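Report on the following structure.
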Amino acid sequence: MPDILQQIVDNKRREVEAMSAYRQYDCTGREKIRSMSRALASSDTGIIAEFKRRSPSKGDIHPMAMVSEVIPSYASAGASACSILTDTPYFGGALTDLVSARTLTDIPLLRKDFIISEFQIHEAAHHGADAILLIAAALSRDEIERFTDCAHNAGLEVLLELHSMNELDRFCQHVDMVGVNNRNLATFHTDPALSLKVAKELPDSVVRVAESGLTSMQEVRRLRDAGYRGFLIGETFMRESDPGDALARFLAQ
């Protein structure tokens with residue numbers, strides 16, 4: 001596991017241990033209200049617009065961004081879904097961002113965080129998420145299968161994120177979506193060509209999502225031709241003063 005990911009996961013374990021000591025959620029049996037996988041599969045664009053204030057590699061991106069301003073503008077500009085960063089120390093997010101977003105739009109919401117416990121899955125469902133992210137580099141195959149079952153029981157879908165061809169052995173048939181993150185976790189270099197390589201190894205039945213390093217509709221169209229139906233884009237939009245307008249201009253290319 002790359003050093004920065006290990007650092008984030010270690011901190012997340014401490015956070016979860018502290019939170020779960022005095023608070024528990026039980027969302028087992030919650031009905032699935034919004035299907036992110038179906039929204040992407042039926043969309044002409046498949047854009048998952050991300051709300052992100054900062055990142056470990058780039059520092060501040062849009063530190064004063066407000067959910068109340070960005071999420072409605074993303075939805076009106078044509079986003080198929082939104083990704084909400086809920087990690088505070090490294091990304092400047094919070095669960096309250098997810099709660100606020102849920103009151104502002106009916107499109108599917110992905111809780112993007114570093115899931116290492118079933119506690120976080122029930123927490124995500126309780127705070128209004130429709131899907132969660134599982135990062136293959138941070139989890140074993142057994143954990144991915146167990147967390148996927150837990151998510152489904154809580155009415156959530158799962159986006160499994162891969163960062164390299166070497167992580168294909170952690171693919172679980174039960175996940176709803178597979179994301180290929182084009183950012184190398186060790187160097188933080190982005191290479192959209194990675195999505196094209198991995199696409200050939202994924203079953204046709206799974207909804208494919210390309211993540212990171214997408215800067216033009218030309219890249220999106222090329223990936224759609226390769227079988228991708230979702231495109232998670234954050235920094236390209238969030239660096240602009242009006243992320244929603246940036247999305248509208250992106251789609252108009």
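Lettering and numbering for the structure tokens are positional, with chains as A, B, ... in the shown order, residues counted from 1 in each chain, and ligands counted from 1 in the shown order.
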
Please provide as a PyMOL selection string all residues within 12 Å of Ile121 of chain A, with the sequence filter that same-chain residues fewer than 5 positions apart are discarded (counting only C-alpha atoms). chain A and resi 16+20+24-28+110-116+126-134+146-158

Tell me, as a JSON list (two decimals) with all heavy atoms, in the first residue's frame, which residues lie within 9 Å of Ile233 of chain A, counting only C-alpha atoms; anything in the same chain fewer than 6 positions away does not count.
```
[["chain", "number", "residue", "atom", "x", "y", "z"],
["A", 47, "ILE", "N", -21.71, 11.59, -16.25],
["A", 47, "ILE", "CA", -20.78, 12.37, -15.44],
["A", 47, "ILE", "C", -21.14, 12.26, -13.95],
["A", 47, "ILE", "O", -22.26, 12.54, -13.54],
["A", 47, "ILE", "CB", -20.79, 13.86, -15.84],
["A", 47, "ILE", "CG1", -20.38, 14.02, -17.30],
["A", 47, "ILE", "CG2", -19.86, 14.66, -14.91],
["A", 47, "ILE", "CD1", -18.96, 13.60, -17.61],
["A", 48, "ILE", "N", -20.15, 11.84, -13.15],
["A", 48, "ILE", "CA", -20.26, 11.87, -11.70],
["A", 48, "ILE", "C", -19.45, 13.08, -11.26],
["A", 48, "ILE", "O", -18.22, 13.06, -11.25],
["A", 48, "ILE", "CB", -19.68, 10.60, -11.05],
["A", 48, "ILE", "CG1", -20.30, 9.35, -11.66],
["A", 48, "ILE", "CG2", -19.89, 10.63, -9.53],
["A", 48, "ILE", "CD1", -19.57, 8.06, -11.29],
["A", 49, "ALA", "N", -20.14, 14.16, -10.96],
["A", 49, "ALA", "CA", -19.47, 15.42, -10.62],
["A", 49, "ALA", "C", -19.09, 15.40, -9.13],
["A", 49, "ALA", "O", -19.94, 15.16, -8.28],
["A", 49, "ALA", "CB", -20.37, 16.61, -10.92],
["A", 50, "GLU", "N", -17.84, 15.65, -8.86],
["A", 50, "GLU", "CA", -17.35, 15.51, -7.48],
["A", 50, "GLU", "C", -17.23, 16.85, -6.75],
["A", 50, "GLU", "O", -16.79, 17.84, -7.32],
["A", 50, "GLU", "CB", -15.98, 14.84, -7.50],
["A", 50, "GLU", "CG", -15.46, 14.49, -6.12],
["A", 50, "GLU", "CD", -14.40, 13.42, -6.18],
["A", 50, "GLU", "OE1", -13.21, 13.75, -6.41],
["A", 50, "GLU", "OE2", -14.76, 12.24, -6.02],
["A", 83, "SER", "N", -20.41, 12.88, -6.40],
["A", 83, "SER", "CA", -19.52, 12.24, -5.44],
["A", 83, "SER", "C", -19.19, 13.27, -4.36],
["A", 83, "SER", "O", -18.78, 14.39, -4.68],
["A", 83, "SER", "CB", -18.23, 11.78, -6.14],
["A", 83, "SER", "OG", -17.25, 11.41, -5.20],
["A", 210, "ALA", "N", -14.66, 5.53, -15.16],
["A", 210, "ALA", "CA", -13.30, 6.05, -15.27],
["A", 210, "ALA", "C", -13.15, 7.22, -14.30],
["A", 210, "ALA", "O", -14.04, 8.07, -14.21],
["A", 210, "ALA", "CB", -13.02, 6.52, -16.70],
["A", 211, "GLU", "N", -12.02, 7.26, -13.59],
["A", 211, "GLU", "CA", -11.82, 8.27, -12.56],
["A", 211, "GLU", "C", -10.46, 8.95, -12.73],
["A", 211, "GLU", "O", -9.47, 8.30, -13.02],
["A", 211, "GLU", "CB", -11.87, 7.63, -11.16],
["A", 211, "GLU", "CG", -13.09, 6.80, -10.87],
["A", 211, "GLU", "CD", -12.97, 6.09, -9.53],
["A", 211, "GLU", "OE1", -12.32, 6.64, -8.62],
["A", 211, "GLU", "OE2", -13.50, 4.99, -9.39],
["A", 212, "SER", "N", -10.45, 10.25, -12.50],
["A", 212, "SER", "CA", -9.22, 11.06, -12.43],
["A", 212, "SER", "C", -8.57, 11.29, -13.80],
["A", 212, "SER", "O", -8.51, 10.40, -14.65],
["A", 212, "SER", "CB", -8.19, 10.45, -11.49],
["A", 212, "SER", "OG", -8.67, 10.34, -10.18],
["A", 213, "GLY", "N", -8.09, 12.51, -13.98],
["A", 213, "GLY", "CA", -7.32, 12.85, -15.18],
["A", 213, "GLY", "C", -8.13, 13.09, -16.43],
["A", 213, "GLY", "O", -7.56, 13.19, -17.52],
["A", 214, "LEU", "N", -9.47, 13.19, -16.31],
["A", 214, "LEU", "CA", -10.30, 13.42, -17.48],
["A", 214, "LEU", "C", -10.54, 14.92, -17.63],
["A", 214, "LEU", "O", -11.11, 15.56, -16.75],
["A", 214, "LEU", "CB", -11.64, 12.69, -17.34],
["A", 214, "LEU", "CG", -11.53, 11.18, -17.09],
["A", 214, "LEU", "CD1", -12.92, 10.57, -16.93],
["A", 214, "LEU", "CD2", -10.78, 10.49, -18.21],
["A", 215, "THR", "N", -10.09, 15.47, -18.74],
["A", 215, "THR", "CA", -10.15, 16.93, -18.91],
["A", 215, "THR", "C", -10.93, 17.37, -20.14],
["A", 215, "THR", "O", -11.04, 18.57, -20.39],
["A", 215, "THR", "CB", -8.72, 17.51, -18.99],
["A", 215, "THR", "OG1", -8.03, 16.90, -20.10],
["A", 215, "THR", "CG2", -7.95, 17.24, -17.72]]
```

As a VMD selection string, please: the residues near segment 166-180 of chain A (cut-off 6 Å, only C-alpha atoms, same-chain neighbours under 2 positions excluded). chain A and resid 141 157 to 164 195 206 to 211

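Among the residues of segment 16-170 of chain A, backbone DSSP assigns strand (DSSP E) to Ile47, Ile48, Ala49, Glu50, Phe51, Arg54, Ser55, Gly59, Asp60, Ala81, Cys82, Ser83, Ile84, Leu85, Leu109, Leu110, Arg111, Lys112, Ala131, Ile132, Leu133, Leu134, Ile135, Glu157, Val158, Leu159, Leu160, Glu161 and Leu162 of chain A.
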
Residues within 12 Å of segment 64-77 of chain A, only C-alpha atoms, excluding chain neighbours under 6 positions, as a compact mmCIF listing (two decimals) with all heavy atoms, in the first residue's frame:
```txt
# COMPACT_ATOMS: atom_id res chain seq x y z
N THR A 45 -24.37 10.95 -20.80
CA THR A 45 -23.05 11.50 -20.44
C THR A 45 -22.36 10.73 -19.32
O THR A 45 -21.16 10.51 -19.35
CB THR A 45 -23.18 12.97 -20.01
OG1 THR A 45 -24.02 13.05 -18.85
CG2 THR A 45 -23.79 13.81 -21.12
N ILE A 47 -21.71 11.59 -16.25
CA ILE A 47 -20.78 12.37 -15.44
C ILE A 47 -21.14 12.26 -13.95
O ILE A 47 -22.26 12.54 -13.54
CB ILE A 47 -20.79 13.86 -15.84
CG1 ILE A 47 -20.38 14.02 -17.30
CG2 ILE A 47 -19.86 14.66 -14.91
CD1 ILE A 47 -18.96 13.60 -17.61
N ILE A 48 -20.15 11.84 -13.15
CA ILE A 48 -20.26 11.87 -11.70
C ILE A 48 -19.45 13.08 -11.26
O ILE A 48 -18.22 13.06 -11.25
CB ILE A 48 -19.68 10.60 -11.05
CG1 ILE A 48 -20.30 9.35 -11.66
CG2 ILE A 48 -19.89 10.63 -9.53
CD1 ILE A 48 -19.57 8.06 -11.29
N ALA A 49 -20.14 14.16 -10.96
CA ALA A 49 -19.47 15.42 -10.62
C ALA A 49 -19.09 15.40 -9.13
O ALA A 49 -19.94 15.16 -8.28
CB ALA A 49 -20.37 16.61 -10.92
N GLU A 50 -17.84 15.65 -8.86
CA GLU A 50 -17.35 15.51 -7.48
C GLU A 50 -17.23 16.85 -6.75
O GLU A 50 -16.79 17.84 -7.32
CB GLU A 50 -15.98 14.84 -7.50
CG GLU A 50 -15.46 14.49 -6.12
CD GLU A 50 -14.40 13.42 -6.18
OE1 GLU A 50 -13.21 13.75 -6.41
OE2 GLU A 50 -14.76 12.24 -6.02
N PHE A 51 -17.63 16.79 -5.48
CA PHE A 51 -17.47 17.95 -4.59
C PHE A 51 -16.25 17.68 -3.72
O PHE A 51 -16.27 16.78 -2.88
CB PHE A 51 -18.71 18.13 -3.72
CG PHE A 51 -18.63 19.33 -2.80
CD1 PHE A 51 -18.97 20.59 -3.26
CD2 PHE A 51 -18.17 19.19 -1.50
CE1 PHE A 51 -18.89 21.70 -2.42
CE2 PHE A 51 -18.07 20.28 -0.66
CZ PHE A 51 -18.43 21.55 -1.12
N LYS A 52 -15.19 18.46 -3.95
CA LYS A 52 -13.93 18.23 -3.25
C LYS A 52 -13.24 19.56 -3.00
O LYS A 52 -13.03 20.34 -3.93
CB LYS A 52 -13.04 17.32 -4.10
CG LYS A 52 -11.67 17.06 -3.50
CD LYS A 52 -10.93 15.94 -4.23
CE LYS A 52 -10.59 16.26 -5.64
NZ LYS A 52 -9.74 15.21 -6.26
N ARG A 53 -12.87 19.81 -1.75
CA ARG A 53 -12.23 21.09 -1.40
C ARG A 53 -10.71 21.05 -1.50
O ARG A 53 -10.07 22.05 -1.81
CB ARG A 53 -12.63 21.51 0.02
CG ARG A 53 -14.11 21.83 0.19
CD ARG A 53 -14.41 22.38 1.56
NE ARG A 53 -15.84 22.69 1.72
CZ ARG A 53 -16.72 21.86 2.26
NH1 ARG A 53 -16.33 20.64 2.69
NH2 ARG A 53 -17.99 22.19 2.37
N ARG A 54 -10.13 19.89 -1.21
CA ARG A 54 -8.68 19.78 -1.26
C ARG A 54 -8.29 18.32 -1.47
O ARG A 54 -9.15 17.43 -1.44
CB ARG A 54 -8.04 20.32 0.02
CG ARG A 54 -8.33 19.51 1.28
CD ARG A 54 -7.68 20.16 2.52
NE ARG A 54 -6.31 20.54 2.32
CZ ARG A 54 -5.27 19.72 2.50
NH1 ARG A 54 -5.47 18.47 2.87
NH2 ARG A 54 -4.05 20.16 2.30
N SER A 83 -20.41 12.88 -6.40
CA SER A 83 -19.52 12.24 -5.44
C SER A 83 -19.19 13.27 -4.36
O SER A 83 -18.78 14.39 -4.68
CB SER A 83 -18.23 11.78 -6.14
OG SER A 83 -17.25 11.41 -5.20
N ILE A 84 -19.37 12.87 -3.09
CA ILE A 84 -19.13 13.79 -1.98
C ILE A 84 -17.98 13.25 -1.13
O ILE A 84 -18.09 12.18 -0.53
CB ILE A 84 -20.39 13.94 -1.09
CG1 ILE A 84 -21.64 14.21 -1.95
CG2 ILE A 84 -20.17 15.03 -0.05
CD1 ILE A 84 -21.64 15.53 -2.67
N LEU A 85 -16.88 13.99 -1.07
CA LEU A 85 -15.77 13.62 -0.19
C LEU A 85 -16.16 13.90 1.24
O LEU A 85 -16.54 15.02 1.58
CB LEU A 85 -14.52 14.42 -0.55
CG LEU A 85 -13.48 13.81 -1.48
CD1 LEU A 85 -12.84 12.57 -0.91
CD2 LEU A 85 -14.05 13.55 -2.85
N THR A 86 -16.08 12.88 2.10
CA THR A 86 -16.46 13.09 3.50
C THR A 86 -15.28 13.00 4.45
O THR A 86 -15.46 13.12 5.66
CB THR A 86 -17.55 12.09 3.93
OG1 THR A 86 -17.09 10.76 3.75
CG2 THR A 86 -18.83 12.31 3.12
N GLY A 92 -10.82 17.87 3.34
CA GLY A 92 -11.62 19.02 3.74
C GLY A 92 -13.11 18.79 3.67
O GLY A 92 -13.89 19.75 3.62
N GLY A 93 -13.54 17.51 3.67
CA GLY A 93 -14.96 17.21 3.61
C GLY A 93 -15.53 16.84 4.96
O GLY A 93 -14.83 16.88 5.97
N ALA A 94 -16.81 16.48 4.97
CA ALA A 94 -17.47 16.10 6.22
C ALA A 94 -18.77 15.39 5.89
O ALA A 94 -19.34 15.56 4.80
CB ALA A 94 -17.76 17.34 7.08
N LEU A 95 -19.25 14.60 6.83
CA LEU A 95 -20.54 13.94 6.64
C LEU A 95 -21.67 14.95 6.49
O LEU A 95 -22.67 14.67 5.83
CB LEU A 95 -20.83 13.00 7.82
CG LEU A 95 -20.22 11.61 7.73
CD1 LEU A 95 -20.34 10.90 9.07
CD2 LEU A 95 -20.88 10.79 6.62
N THR A 96 -21.51 16.13 7.10
CA THR A 96 -22.54 17.16 6.96
C THR A 96 -22.67 17.61 5.51
O THR A 96 -23.74 18.06 5.09
CB THR A 96 -22.23 18.36 7.86
OG1 THR A 96 -20.89 18.81 7.62
CG2 THR A 96 -22.39 18.00 9.33
N ASP A 97 -21.59 17.50 4.72
CA ASP A 97 -21.68 17.82 3.30
C ASP A 97 -22.61 16.84 2.60
O ASP A 97 -23.40 17.23 1.73
CB ASP A 97 -20.29 17.76 2.64
CG ASP A 97 -19.37 18.86 3.11
OD1 ASP A 97 -19.87 19.94 3.48
OD2 ASP A 97 -18.14 18.65 3.10
N LEU A 98 -22.51 15.57 2.97
CA LEU A 98 -23.38 14.54 2.39
C LEU A 98 -24.83 14.78 2.78
O LEU A 98 -25.74 14.71 1.94
CB LEU A 98 -22.92 13.16 2.86
CG LEU A 98 -23.73 11.95 2.39
CD1 LEU A 98 -23.73 11.84 0.87
CD2 LEU A 98 -23.17 10.67 3.02
N VAL A 99 -25.05 15.10 4.04
CA VAL A 99 -26.41 15.37 4.52
C VAL A 99 -27.01 16.56 3.77
O VAL A 99 -28.16 16.52 3.32
CB VAL A 99 -26.41 15.64 6.04
CG1 VAL A 99 -27.79 16.10 6.50
CG2 VAL A 99 -25.98 14.40 6.80
N SER A 100 -26.23 17.62 3.62
CA SER A 100 -26.71 18.81 2.91
C SER A 100 -27.02 18.49 1.45
O SER A 100 -28.04 18.91 0.90
CB SER A 100 -25.68 19.93 2.99
OG SER A 100 -25.49 20.36 4.32
N ALA A 101 -26.12 17.75 0.82
CA ALA A 101 -26.31 17.41 -0.59
C ALA A 101 -27.60 16.63 -0.80
O ALA A 101 -28.31 16.83 -1.79
CB ALA A 101 -25.11 16.61 -1.10
N ARG A 102 -27.90 15.75 0.15
CA ARG A 102 -29.11 14.92 0.01
C ARG A 102 -30.38 15.77 0.00
O ARG A 102 -31.36 15.40 -0.65
CB ARG A 102 -29.16 13.91 1.16
CG ARG A 102 -30.34 12.98 1.17
CD ARG A 102 -30.26 11.89 0.10
NE ARG A 102 -30.40 12.38 -1.28
CZ ARG A 102 -29.84 11.82 -2.34
NH1 ARG A 102 -29.08 10.75 -2.22
NH2 ARG A 102 -30.03 12.32 -3.56
N THR A 103 -30.36 16.90 0.70
CA THR A 103 -31.54 17.76 0.74
C THR A 103 -31.66 18.62 -0.51
O THR A 103 -32.69 19.26 -0.73
CB THR A 103 -31.50 18.69 1.97
OG1 THR A 103 -30.42 19.63 1.84
CG2 THR A 103 -31.33 17.90 3.26
N LEU A 104 -30.62 18.65 -1.34
CA LEU A 104 -30.56 19.59 -2.46
C LEU A 104 -30.78 18.95 -3.82
O LEU A 104 -30.97 19.66 -4.81
CB LEU A 104 -29.21 20.31 -2.45
CG LEU A 104 -28.94 21.20 -1.24
CD1 LEU A 104 -27.47 21.58 -1.17
CD2 LEU A 104 -29.81 22.45 -1.29
N THR A 105 -30.71 17.62 -3.90
CA THR A 105 -30.85 16.98 -5.20
C THR A 105 -31.41 15.58 -5.05
O THR A 105 -31.28 14.94 -4.00
CB THR A 105 -29.49 16.90 -5.93
OG1 THR A 105 -29.66 16.33 -7.23
CG2 THR A 105 -28.50 16.05 -5.15
N ASP A 106 -32.03 15.08 -6.12
CA ASP A 106 -32.55 13.72 -6.14
C ASP A 106 -31.67 12.78 -6.95
O ASP A 106 -31.98 11.59 -7.07
CB ASP A 106 -33.97 13.70 -6.72
CG ASP A 106 -35.00 14.22 -5.72
OD1 ASP A 106 -34.79 14.05 -4.51
OD2 ASP A 106 -36.00 14.81 -6.17
N ILE A 107 -30.57 13.27 -7.53
CA ILE A 107 -29.69 12.37 -8.27
C ILE A 107 -28.87 11.55 -7.27
O ILE A 107 -28.69 11.96 -6.12
CB ILE A 107 -28.79 13.14 -9.26
CG1 ILE A 107 -27.82 14.09 -8.52
CG2 ILE A 107 -29.62 13.92 -10.28
CD1 ILE A 107 -26.83 14.78 -9.45
N PRO A 108 -28.37 10.38 -7.68
CA PRO A 108 -27.64 9.52 -6.76
C PRO A 108 -26.38 10.19 -6.19
O PRO A 108 -25.69 10.95 -6.88
CB PRO A 108 -27.26 8.31 -7.62
CG PRO A 108 -28.28 8.29 -8.70
CD PRO A 108 -28.56 9.74 -8.99
N LEU A 109 -26.10 9.87 -4.91
CA LEU A 109 -24.93 10.41 -4.23
C LEU A 109 -24.00 9.28 -3.81
O LEU A 109 -24.42 8.30 -3.21
CB LEU A 109 -25.35 11.20 -2.99
CG LEU A 109 -26.21 12.45 -3.21
CD1 LEU A 109 -26.52 13.10 -1.86
CD2 LEU A 109 -25.52 13.44 -4.14
N ILE A 233 -15.40 13.07 -12.27
CA ILE A 233 -14.56 14.24 -12.52
C ILE A 233 -14.78 15.25 -11.40
O ILE A 233 -15.91 15.62 -11.10
CB ILE A 233 -14.90 14.89 -13.88
CG1 ILE A 233 -14.79 13.85 -15.00
CG2 ILE A 233 -14.01 16.08 -14.16
CD1 ILE A 233 -15.25 14.35 -16.35
N GLY A 234 -13.71 15.69 -10.78
CA GLY A 234 -13.82 16.65 -9.70
C GLY A 234 -12.95 17.87 -9.87
O GLY A 234 -13.42 19.00 -9.95
N PHE A 237 -13.58 20.56 -12.50
CA PHE A 237 -14.69 21.47 -12.21
C PHE A 237 -14.43 22.32 -10.96
O PHE A 237 -14.71 23.52 -10.96
CB PHE A 237 -15.98 20.68 -12.02
CG PHE A 237 -16.33 19.78 -13.16
CD1 PHE A 237 -16.95 18.55 -12.93
CD2 PHE A 237 -16.06 20.14 -14.48
CE1 PHE A 237 -17.28 17.71 -13.97
CE2 PHE A 237 -16.38 19.31 -15.54
CZ PHE A 237 -17.00 18.08 -15.29
N MET A 238 -13.90 21.70 -9.93
CA MET A 238 -13.77 22.37 -8.64
C MET A 238 -12.71 23.46 -8.62
O MET A 238 -12.72 24.33 -7.75
CB MET A 238 -13.49 21.35 -7.53
CG MET A 238 -14.64 20.42 -7.19
SD MET A 238 -16.15 21.27 -6.61
CE MET A 238 -15.56 22.08 -5.12
N ARG A 239 -11.81 23.48 -9.57
CA ARG A 239 -10.82 24.56 -9.64
C ARG A 239 -11.42 25.85 -10.19
O ARG A 239 -10.82 26.92 -10.10
CB ARG A 239 -9.62 24.14 -10.48
CG ARG A 239 -8.70 23.17 -9.75
CD ARG A 239 -7.30 23.15 -10.30
NE ARG A 239 -6.44 22.28 -9.52
CZ ARG A 239 -5.85 22.60 -8.38
NH1 ARG A 239 -6.03 23.82 -7.89
NH2 ARG A 239 -5.07 21.75 -7.75
N GLU A 240 -12.61 25.74 -10.77
CA GLU A 240 -13.29 26.91 -11.32
C GLU A 240 -14.10 27.61 -10.22
O GLU A 240 -14.53 26.98 -9.25
CB GLU A 240 -14.23 26.49 -12.44
CG GLU A 240 -13.54 25.78 -13.59
CD GLU A 240 -12.82 26.74 -14.52
OE1 GLU A 240 -13.14 27.95 -14.47
OE2 GLU A 240 -11.96 26.29 -15.29
N SER A 241 -14.34 28.91 -10.38
CA SER A 241 -15.12 29.64 -9.39
C SER A 241 -16.56 29.14 -9.34
O SER A 241 -17.20 29.18 -8.30
CB SER A 241 -15.10 31.15 -9.70
OG SER A 241 -15.61 31.40 -11.00
N ASP A 242 -17.07 28.67 -10.48
CA ASP A 242 -18.43 28.12 -10.56
C ASP A 242 -18.34 26.70 -11.14
O ASP A 242 -18.36 26.53 -12.36
CB ASP A 242 -19.31 29.00 -11.44
CG ASP A 242 -20.77 28.56 -11.46
OD1 ASP A 242 -21.04 27.38 -11.15
OD2 ASP A 242 -21.64 29.38 -11.79
N PRO A 243 -18.21 25.67 -10.29
CA PRO A 243 -18.05 24.30 -10.79
C PRO A 243 -19.20 23.84 -11.68
O PRO A 243 -18.98 23.10 -12.64
CB PRO A 243 -17.97 23.48 -9.50
CG PRO A 243 -17.42 24.43 -8.48
CD PRO A 243 -18.07 25.74 -8.83
N GLY A 244 -20.43 24.26 -11.37
CA GLY A 244 -21.56 23.86 -12.19
C GLY A 244 -21.47 24.41 -13.60
O GLY A 244 -21.76 23.72 -14.58
N ASP A 245 -21.05 25.67 -13.71
CA ASP A 245 -20.87 26.27 -15.02
C ASP A 245 -19.74 25.57 -15.77
O ASP A 245 -19.82 25.38 -16.99
CB ASP A 245 -20.58 27.76 -14.87
CG ASP A 245 -20.39 28.46 -16.21
OD1 ASP A 245 -21.36 28.53 -16.98
OD2 ASP A 245 -19.26 28.92 -16.49
N ALA A 246 -18.69 25.18 -15.04
CA ALA A 246 -17.59 24.47 -15.66
C ALA A 246 -18.06 23.12 -16.23
O ALA A 246 -17.64 22.71 -17.30
CB ALA A 246 -16.47 24.23 -14.63
N LEU A 247 -18.96 22.45 -15.49
CA LEU A 247 -19.53 21.19 -16.00
C LEU A 247 -20.35 21.44 -17.26
O LEU A 247 -20.25 20.70 -18.24
CB LEU A 247 -20.40 20.55 -14.92
CG LEU A 247 -21.28 19.38 -15.36
CD1 LEU A 247 -20.46 18.26 -15.98
CD2 LEU A 247 -22.09 18.85 -14.17
N ALA A 248 -21.15 22.50 -17.26
CA ALA A 248 -21.98 22.81 -18.43
C ALA A 248 -21.11 23.06 -19.66
O ALA A 248 -21.41 22.59 -20.77
CB ALA A 248 -22.87 24.01 -18.14
N ARG A 249 -20.01 23.80 -19.45
CA ARG A 249 -19.12 24.08 -20.57
C ARG A 249 -18.39 22.82 -21.03
O ARG A 249 -18.12 22.63 -22.23
CB ARG A 249 -18.10 25.16 -20.17
CG ARG A 249 -18.72 26.56 -20.10
CD ARG A 249 -17.70 27.65 -19.85
NE ARG A 249 -17.36 27.76 -18.42
CZ ARG A 249 -16.22 27.42 -17.87
NH1 ARG A 249 -15.26 26.90 -18.65
NH2 ARG A 249 -16.00 27.57 -16.58
N PHE A 250 -18.06 21.95 -20.09
CA PHE A 250 -17.40 20.68 -20.40
C PHE A 250 -18.30 19.83 -21.29
O PHE A 250 -17.86 19.28 -22.30
CB PHE A 250 -17.10 19.95 -19.09
CG PHE A 250 -16.35 18.66 -19.23
CD1 PHE A 250 -14.96 18.64 -19.20
CD2 PHE A 250 -17.02 17.45 -19.40
CE1 PHE A 250 -14.26 17.45 -19.32
CE2 PHE A 250 -16.34 16.26 -19.53
CZ PHE A 250 -14.95 16.25 -19.49
N LEU A 251 -19.58 19.74 -20.93
CA LEU A 251 -20.53 18.92 -21.70
C LEU A 251 -20.81 19.51 -23.07
O LEU A 251 -21.23 18.78 -23.98
CB LEU A 251 -21.83 18.78 -20.91
CG LEU A 251 -21.75 17.94 -19.64
CD1 LEU A 251 -23.08 18.00 -18.88
CD2 LEU A 251 -21.39 16.49 -19.96
N ALA A 252 -20.60 20.80 -23.22
CA ALA A 252 -20.88 21.47 -24.50
C ALA A 252 -19.76 21.29 -25.51
O ALA A 252 -19.91 21.70 -26.67
CB ALA A 252 -21.14 22.95 -24.26
```

What's the 8 Å shell around Ser216 of chain A, counting only C-alpha atoms, without same-chain residues fewer than 3 positions away, as an mmCIF file with all heavy atoms, in the first residue's frame?
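Printed below is result-v5.cif as written:
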```
data_model
loop_
_atom_site.group_PDB
_atom_site.id
_atom_site.type_symbol
_atom_site.label_atom_id
_atom_site.label_comp_id
_atom_site.auth_asym_id
_atom_site.auth_seq_id
_atom_site.Cartn_x
_atom_site.Cartn_y
_atom_site.Cartn_z
ATOM 1 N N GLU A 219 -11.960 12.759 -24.418
ATOM 2 C CA GLU A 219 -11.526 11.610 -23.632
ATOM 3 C C GLU A 219 -12.723 10.793 -23.169
ATOM 4 O O GLU A 219 -12.697 9.549 -23.182
ATOM 5 C CB GLU A 219 -10.709 12.088 -22.426
ATOM 6 C CG GLU A 219 -9.356 12.669 -22.792
ATOM 7 C CD GLU A 219 -8.655 13.284 -21.593
ATOM 8 O OE1 GLU A 219 -9.351 13.783 -20.680
ATOM 9 O OE2 GLU A 219 -7.412 13.263 -21.579
ATOM 10 N N VAL A 220 -13.776 11.476 -22.754
ATOM 11 C CA VAL A 220 -14.978 10.789 -22.305
ATOM 12 C C VAL A 220 -15.568 9.952 -23.437
ATOM 13 O O VAL A 220 -15.951 8.784 -23.241
ATOM 14 C CB VAL A 220 -16.020 11.795 -21.772
ATOM 15 C CG1 VAL A 220 -17.381 11.126 -21.591
ATOM 16 C CG2 VAL A 220 -15.545 12.408 -20.455
ATOM 17 N N PHE A 250 -18.057 21.954 -20.092
ATOM 18 C CA PHE A 250 -17.396 20.679 -20.401
ATOM 19 C C PHE A 250 -18.299 19.832 -21.289
ATOM 20 O O PHE A 250 -17.858 19.278 -22.300
ATOM 21 C CB PHE A 250 -17.100 19.954 -19.092
ATOM 22 C CG PHE A 250 -16.352 18.664 -19.234
ATOM 23 C CD1 PHE A 250 -14.955 18.638 -19.199
ATOM 24 C CD2 PHE A 250 -17.022 17.451 -19.397
ATOM 25 C CE1 PHE A 250 -14.256 17.451 -19.324
ATOM 26 C CE2 PHE A 250 -16.338 16.256 -19.525
ATOM 27 C CZ PHE A 250 -14.945 16.252 -19.487
ATOM 28 N N GLN A 253 -18.655 20.692 -25.095
ATOM 29 C CA GLN A 253 -17.515 20.535 -26.015
ATOM 30 C C GLN A 253 -17.878 19.632 -27.195
ATOM 31 O O GLN A 253 -18.595 18.665 -27.044
ATOM 32 C CB GLN A 253 -16.324 19.919 -25.257
ATOM 33 C CG GLN A 253 -15.707 20.822 -24.196
ATOM 34 C CD GLN A 253 -14.570 20.143 -23.464
ATOM 35 O OE1 GLN A 253 -13.921 19.232 -23.988
ATOM 36 N NE2 GLN A 253 -14.328 20.564 -22.249
#
```

Based on DSSP run over this structure's backbone, return all residues of segment 22-124 of chain A in helix (DSSP H, G or I), as a ChimeraX atom specification. /A:36-41,67-77,95-104,118-124

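With only C-alpha atoms as the atoms that count, the residue of A:Ala18, A:Ala79, A:Ile61, A:Met165 with the shortest distance to Phe91 of chain A is A:Ile61.
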
Using only C-alpha atoms, the best pick from A:Asp87, A:Asp204, A:Asp191, A:Glu143 as closest to Ile8 of chain A would be A:Asp87

What's the separation between atom CA of Tyr90 of chain A and atom CA of Ser57 of chain A, in Å to one decimal place? 9.4 Å

Quick one: of A:Met217, A:Ser43, A:Asp60, A:Ser55, who's nearest to Gly78 of chain A, counting only C-alpha atoms?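 Of A:Met217, A:Ser43, A:Asp60, A:Ser55, the one nearest Gly78 of chain A is A:Ser43, counting only C-alpha atoms.
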
Provide the atom CA of Arg14 of chain A to atom CA of Ser117 of chain A distance in Å, to one decimal place. 11.3 Å

Between atom CA of Gly227 of chain A and atom CA of Val198 of chain A, measure the distance and give it in Å to one decimal.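 Going from atom CA of Gly227 of chain A over to atom CA of Val198 of chain A covers 10.8 Å.
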
Polymer residues at most 7 Å from Leu40 of chain A, only C-alpha atoms, same-chain spacing of 3 or more positions, as a PyMOL selection string: chain A and resi 36-37+43+46+80+229-230

Go ahead and write the selection's residues with C-alpha atoms as a compact mmCIF listing (two decimals), in the first residue's frame.
```txt
# COMPACT_ATOMS: atom_id res chain seq x y z
CA MET A 36 -26.32 5.01 -9.25
CA SER A 37 -25.42 2.13 -11.57
CA SER A 43 -27.31 8.41 -19.16
CA GLY A 46 -22.55 9.53 -17.21
CA SER A 80 -25.83 11.96 -13.61
CA ARG A 229 -20.61 4.47 -18.68
CA GLY A 230 -19.48 6.59 -15.72
```
